[in-house]
Every structure is written in C-alpha cells, then in structure tokens.
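Novice: Sharing entry_3.cif (mmCIF, C-alpha atoms) below.
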data_input
loop_
_atom_site.label_atom_id
_atom_site.label_comp_id
_atom_site.auth_asym_id
_atom_site.auth_seq_id
_atom_site.Cartn_x
_atom_site.Cartn_y
_atom_site.Cartn_z
CA VAL A 1 160.45 92.69 -136.59
CA GLY A 2 159.40 93.50 -133.06
CA GLU A 3 162.61 94.32 -131.17
CA THR A 4 164.84 92.21 -133.42
CA LYS A 5 166.88 93.73 -136.25
CA TYR A 6 168.04 91.90 -139.37
CA THR A 7 170.76 92.50 -141.94
CA THR A 8 168.65 91.33 -144.91
CA PHE A 9 165.02 91.83 -145.90
CA GLU A 10 164.74 88.14 -146.68
CA ALA A 11 165.57 87.19 -143.09
CA ALA A 12 163.17 89.79 -141.69
CA LEU A 13 160.38 88.63 -143.99
CA GLU A 14 160.88 85.00 -142.98
CA ALA A 15 160.85 85.96 -139.30
CA ALA A 16 157.66 88.00 -139.66
CA GLN A 17 155.86 85.21 -141.48
CA ALA A 18 156.85 82.78 -138.74
CA ASN A 19 155.85 85.17 -135.94
CA GLU A 20 152.42 84.46 -134.47
CA THR A 21 151.88 87.93 -132.96
CA ASP A 22 153.94 90.51 -134.87
CA LYS A 23 153.92 90.27 -138.65
CA THR A 24 155.20 93.78 -139.38
CA VAL A 25 158.58 94.36 -141.02
CA VAL A 26 159.79 97.90 -140.29
CA LEU A 27 162.35 98.88 -142.91
CA LEU A 28 165.36 100.78 -141.57
CA GLN A 29 166.46 101.38 -145.16
CA PRO A 30 164.85 100.67 -148.55
CA VAL A 31 164.95 97.18 -150.05
CA GLU A 32 167.19 97.56 -153.12
CA ILE A 33 166.80 95.05 -155.94
CA SER A 34 169.29 94.63 -158.81
CA GLU A 35 168.48 91.13 -160.07
CA ASP A 36 165.44 88.91 -160.63
CA THR A 37 163.73 88.50 -157.25
CA THR A 38 160.34 87.18 -156.11
CA TYR A 39 158.75 87.85 -152.73
CA ASP A 40 155.56 86.36 -151.33
CA LEU A 41 154.37 88.98 -148.85
CA SER A 42 151.33 86.98 -147.69
CA GLY A 43 150.20 87.95 -144.20
CA VAL A 44 152.95 90.53 -143.70
CA THR A 45 152.94 94.33 -143.46
CA VAL A 46 156.07 96.15 -144.65
CA THR A 47 156.43 99.76 -143.48
CA SER A 48 159.01 102.43 -144.25
CA GLU A 49 159.37 106.10 -143.34
CA GLY A 50 160.78 106.65 -146.84
CA ASP A 51 161.00 104.44 -149.93
CA ALA A 52 160.09 100.78 -149.53
CA PHE A 53 161.37 98.99 -152.67
CA ILE A 54 163.87 100.43 -155.18
CA VAL A 55 164.51 98.31 -158.27
CA THR A 56 167.59 99.22 -160.31
CA GLY A 57 167.91 96.01 -162.33
CA GLY A 58 166.26 92.68 -163.00
CA THR A 59 162.58 92.07 -162.24
CA LEU A 60 160.99 92.22 -158.81
CA THR A 61 157.81 90.12 -158.60
CA LEU A 62 155.51 90.69 -155.64
CA ASN A 63 152.91 88.05 -154.80
CA GLY A 64 150.45 87.49 -151.97
CA ASP A 65 148.09 89.63 -149.93
CA GLY A 66 150.73 91.55 -147.98
CA VAL A 67 150.69 95.28 -147.22
CA VAL A 68 153.37 97.82 -148.18
CA GLU A 69 153.17 101.23 -146.48
CA ALA A 70 155.79 103.81 -147.51
CA GLY A 71 156.33 107.42 -146.53
CA THR A 72 154.98 106.87 -143.03
CA SER A 73 156.88 109.93 -141.78
CA GLY A 74 154.68 112.12 -144.03
CA ALA A 75 157.65 114.22 -145.10
CA GLY A 76 159.96 114.44 -148.08
CA THR A 77 159.62 112.21 -151.12
CA ALA A 78 158.84 108.51 -150.84
CA ASN A 79 157.57 105.68 -153.01
CA ALA A 80 156.12 102.30 -152.14
CA ILE A 81 157.58 100.94 -155.39
CA TRP A 82 160.30 102.78 -157.33
CA ALA A 83 161.29 101.13 -160.61
CA ASN A 84 164.57 103.01 -161.13
CA GLY A 85 165.76 101.26 -164.28
CA GLY A 86 164.49 97.84 -163.25
CA ASN A 87 161.17 96.08 -163.71
CA VAL A 88 158.38 95.26 -161.27
CA VAL A 89 155.41 92.89 -161.52
CA ILE A 90 152.71 93.31 -158.88
CA ASN A 91 150.28 90.41 -158.65
CA GLY A 92 148.51 91.33 -155.42
CA GLY A 93 148.74 93.05 -152.05
CA THR A 94 147.88 96.52 -150.73
CA TYR A 95 150.15 99.48 -151.41
CA SER A 96 149.99 102.97 -149.92
CA VAL A 97 152.12 106.04 -149.31
CA GLY A 98 151.83 108.86 -146.79
CA GLY A 99 152.56 112.58 -147.12
CA ASP A 100 150.48 112.80 -150.29
CA SER A 101 151.14 115.67 -152.67
CA THR A 102 149.02 117.81 -154.92
CA THR A 103 149.91 119.31 -158.28
CA THR A 104 151.09 122.45 -156.46
CA ASP A 105 153.05 120.77 -153.68
CA THR A 106 155.81 118.81 -155.37
CA THR A 107 158.06 119.04 -152.29
CA HIS A 108 156.00 116.20 -150.82
CA GLN A 109 155.53 114.25 -154.02
CA ASN A 110 155.00 110.78 -152.65
CA ASP A 111 154.07 108.15 -155.22
CA VAL A 112 152.62 104.72 -154.64
CA ILE A 113 154.23 103.53 -157.89
CA TYR A 114 157.04 105.49 -159.60
CA THR A 115 159.14 104.75 -162.69
CA LYS A 116 162.40 106.42 -163.72
CA ASN A 117 165.35 105.70 -166.01
CA GLY A 118 163.33 103.35 -168.20
CA GLY A 119 161.92 101.27 -165.34
CA THR A 120 158.66 99.42 -165.90
CA VAL A 121 155.82 98.34 -163.64
CA THR A 122 153.12 95.83 -164.59
CA ILE A 123 150.12 95.60 -162.27
CA THR A 124 147.89 92.53 -162.56
CA GLY A 125 146.17 92.86 -159.18
CA GLY A 126 146.24 94.47 -155.77
CA THR A 127 144.82 97.50 -153.96
CA PHE A 128 146.38 100.95 -154.26
CA LEU A 129 145.76 103.82 -151.82
CA ASN A 130 147.12 107.34 -151.74
CA ASP A 131 144.67 109.52 -149.79
CA GLY A 132 143.50 111.38 -152.88
CA SER A 133 146.91 112.33 -154.24
CA VAL A 134 147.33 112.66 -158.00
CA TRP A 135 150.54 110.66 -157.76
CA THR A 136 149.27 107.12 -157.22
CA LEU A 137 150.94 106.08 -160.50
CA ASN A 138 153.69 108.34 -161.83
CA GLN A 139 156.40 108.26 -164.51
CA ASN A 140 159.42 110.56 -164.38
CA ASP A 141 158.94 113.30 -166.97
CA ALA A 142 162.58 113.37 -168.11
CA THR A 143 163.67 109.72 -168.12
CA GLY A 144 160.31 108.00 -168.36
CA GLY A 145 159.53 104.35 -167.99
CA ALA A 146 156.21 102.56 -168.38
CA ILE A 147 153.30 101.54 -166.16
CA THR A 148 150.82 98.98 -167.48
CA VAL A 149 147.68 98.01 -165.57
CA THR A 150 145.58 94.90 -166.25
CA GLY A 151 144.05 94.46 -162.80
CA GLY A 152 143.73 95.88 -159.30
CA THR A 153 141.57 98.37 -157.42
CA PHE A 154 142.61 102.00 -157.06
CA TYR A 155 141.17 104.33 -154.41
CA GLY A 156 141.00 108.05 -155.18
CA PHE A 157 142.67 107.51 -158.55
CA ASN A 158 141.31 106.38 -161.91
CA PRO A 159 144.16 104.61 -163.75
CA GLU A 160 142.32 105.02 -167.04
CA ASP A 161 141.72 108.78 -166.78
CA ASN A 162 143.96 110.91 -164.54
CA VAL A 163 146.33 113.89 -164.68
CA SER A 164 149.53 112.13 -163.62
CA GLU A 165 151.24 112.69 -166.98
CA GLY A 166 148.85 115.39 -168.16
CA ALA A 167 145.10 115.44 -168.79
CA ASN A 168 143.45 112.09 -169.60
CA THR A 169 146.49 109.95 -168.79
CA ASN A 170 145.69 106.27 -169.27
CA PHE A 171 147.82 103.50 -167.74
CA VAL A 172 145.31 100.71 -168.50
CA ALA A 173 146.34 98.22 -171.17
CA ASP A 174 144.39 97.73 -174.38
CA GLY A 175 141.53 95.30 -173.89
CA TYR A 176 141.01 96.38 -170.26
CA ILE A 177 138.88 99.06 -168.61
CA ALA A 178 138.66 100.76 -165.21
CA VAL A 179 135.15 100.33 -163.79
CA ASP A 180 133.86 102.98 -161.37
CA ASN A 181 132.80 101.23 -158.15
CA GLY A 182 130.81 104.23 -156.95
CA ASP A 183 132.91 104.79 -153.81
CA ASN A 184 135.78 106.80 -155.30
CA SER A 185 137.51 103.64 -156.40
CA TRP A 186 138.08 101.95 -159.76
CA THR A 187 138.70 98.28 -160.53
CA VAL A 188 140.48 97.24 -163.72
CA ILE A 189 138.92 94.32 -165.57
CA GLU A 190 139.13 92.79 -169.03
CA GLY A 191 136.62 94.40 -171.40
CA GLU A 192 135.88 97.44 -173.54
CA TRP A 193 133.59 100.44 -173.48
CA VAL A 194 130.92 100.45 -176.18
CA ALA A 195 128.79 103.51 -175.37
CA GLN A 196 128.70 106.68 -173.28
CA VAL A 197 125.86 108.75 -171.80
CA GLY A 198 127.01 112.09 -170.46
CA GLU A 199 130.24 111.37 -168.54
CA THR A 200 129.36 107.74 -167.84
CA LYS A 201 130.65 104.88 -169.99
CA TYR A 202 128.99 101.50 -170.45
CA THR A 203 130.16 98.07 -171.52
CA THR A 204 126.90 97.21 -173.34
CA PHE A 205 124.60 99.22 -175.59
CA GLU A 206 121.56 97.89 -173.75
CA VAL A 207 122.62 99.37 -170.42
CA ALA A 208 123.59 102.65 -172.06
CA LEU A 209 120.23 102.83 -173.83
CA GLU A 210 118.38 102.20 -170.58
CA ALA A 211 120.42 104.92 -168.84
CA ALA A 212 119.74 107.40 -171.64
CA GLN A 213 116.03 106.70 -171.59
CA ALA A 214 115.93 107.17 -167.83
CA ASN A 215 118.04 110.34 -167.94
#
Written as structure tokens, how would this file's structure read?
Specialist:
Amino acid sequence: VGETKYTTFEAALEAAQANETDKTVVLLQPVEISEDTTYDLSGVTVTSEGDAFIVTGGTLTLNGDGVVEAGTSGAGTANAIWANGGNVVINGGTYSVGGDSTTTDTTHQNDVIYTKNGGTVTITGGTFLNDGSVWTLNQNDATGGAITVTGGTFYGFNPEDNVSEGANTNFVADGYIAVDNGDNSWTVIEGEWVAQVGETKYTTFEVALEAAQAN
C-alpha cells in the first residue's frame, strides 16, 4: 500500500481502508485461501500482475464495492478469482483481468472467474469485465467445478449464452435470466423468459406480441 509492504493481505487491506489518499493494495503474490474467510473490500482496489485470489479449501466470501484487477502485466495466465478446489461467494464488487484471450490464443487465457479441481463459485452480485474475452467465466475442462450466477452485470459476456464450455453455455441458475442492457452488457435478475421474437427474448407475452407486430 503506497511504499509500505505487508506480510499478510489482511494487514494490507486494513491499512488501505484506513488510508485517506491511497486505497490500492498491490499484491506481490496471490492471496491463497484454505479455510473459511470473509473480506469486505469496500472502497479498496486490489491489483495483481498475475492471479489475485486462489482458493484451495474452505469458502472465500467477498463483500463490498471493492475492485479486483488481475493480470495487469497482460502476459501469461491469470485469474481474478481461481477456485482451485475451494469455494467462493461473490456478493459485490468489480472484477477484471488483463491480457484477454480468444478461442485461438490459449497462451494468454486470462479468466475473471476460474474453477478447477471441483471448486465452486457463486455470484450474487458485482460487475465483471474482461475486454471482450470469451473467458470471463470458465471451468477447467478436465477437473471441472461449478459456477452459478444469480446476480451481477457482465460486460462483453452473456452468462446465460456463451461459448466458454461450448456453444450455448449457461451459468445462470434456474429461475434467473440475463437481461441484455443494450450496451454489450447483461444483468442477471430473478425471472423467466416466456416468449421470443427472432433472436430477442421477452419476459412477458404482451411485450413480445408488441415487438412482433412492430417487426
């Protein structure tokens, strides 16, 4: 934090939240979690050239409106949140990763959220950015895991219909939908689709009927 280094993330977080001018925690190594842990990141930005949080056991719960920026070097592989056998609950905040990949450039496969070795991630809120990469949410093909979304806004990535795990991958929980905001972002809310006109879905028949008649 500023020019001061800390031996634990907890101490750095506390110092940043108490600092009136510099509220950025620059990670010199990933925060590794192996037991139940809760962080309130309110008002703080956490940055890392590589991975930010790696969870190998227990449940990491992230609250508040903080910012987590991983992969700031733009090289190699990095994840803002890596559930590597552990569990993560995200209730808010903004998460992003640099060095975004495409389906043909897996050498720079940076994920905002990544699960492996049975890890799970539950997203109830927050904002997720990845500069158009297909890897905003990603599960390891060999060892899997699970990502469940019941809230949040996703830029450049539709959590209900993407190619992360193959065509038409859906990470949104039953009883929830991803609403197109019209600016290349989708917000997940409670509800269900009842009709479709062309490629556009609607939550009420009345709106769908009006769209069809105007088409």
Novice: Between atom CA of A:Thr203 and atom CA of A:Gly191, what is the distance in Å, rounded to a tenth?
Specialist: 7.4 Å
Novice: Identify the residues within 7 Å of coordinate (159.5, 94.3, -134.8) (same frame as the file), considering all atoms listed in the file, and give the answer as a list of chain:residue names.
Specialist: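 Using all atoms listed in the file, the matching residues come out as A:Val1, A:Gly2, A:Glu3, A:Thr4, A:Asp22, A:Thr24, A:Val25, A:Val26.
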Novice: For atom CA of A:Val197 and atom CA of A:Ala212, determine how far apart the two atoms are, in Å to one decimal place.
Specialist: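 Atom CA of A:Ala212 lies at a distance of 6.3 Å from atom CA of A:Val197.
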Novice: Ranking A:Ala16, A:Ala78, A:Leu27, A:Thr122 by minimum distance to A:Thr59 and counting all atoms listed in the file, which one comes first?
Specialist: A:Thr122
Novice: Record the distance separating atom CA of A:Gly166 and atom CA of A:Gly93, expressed in Å with one decimal.
Specialist: 27.5 Å
Novice: Under the PyMOL selection byres ((chain A and resi 126) around 6), which residues of this model are included? Write them out as a ChimeraX atom specification.
Specialist: /A:92-94,125,127,152
Novice: Which residue gives the smallest distance to A:Thr143 among A:Ala83, A:Ala18, A:Ala208, A:Ala12, with all atoms listed in the file counted?
Specialist: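 Closest to A:Thr143, using all atoms listed in the file: A:Ala83.
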Novice: Could you tell me which of A:Tyr202, A:Asp36, A:Thr148, A:Ser164 comes closest to A:Val179 if we count only C-alpha atoms?
Specialist: A:Tyr202
Novice: Measuring atom to atom with all atoms listed in the file, identify which of A:Gly98, A:Ile54, A:Thr187, A:Val112 is nearest to A:Ser73.
Specialist: A:Gly98
Novice: For the provided coordinates, the residues matched by the PyMOL selection byres ((chain A and resi 41) around 10) should be stated as an MDAnalysis selection string.
Specialist: chainID A and resid 13:14 16:17 38:40 42:46 62:68 92:93
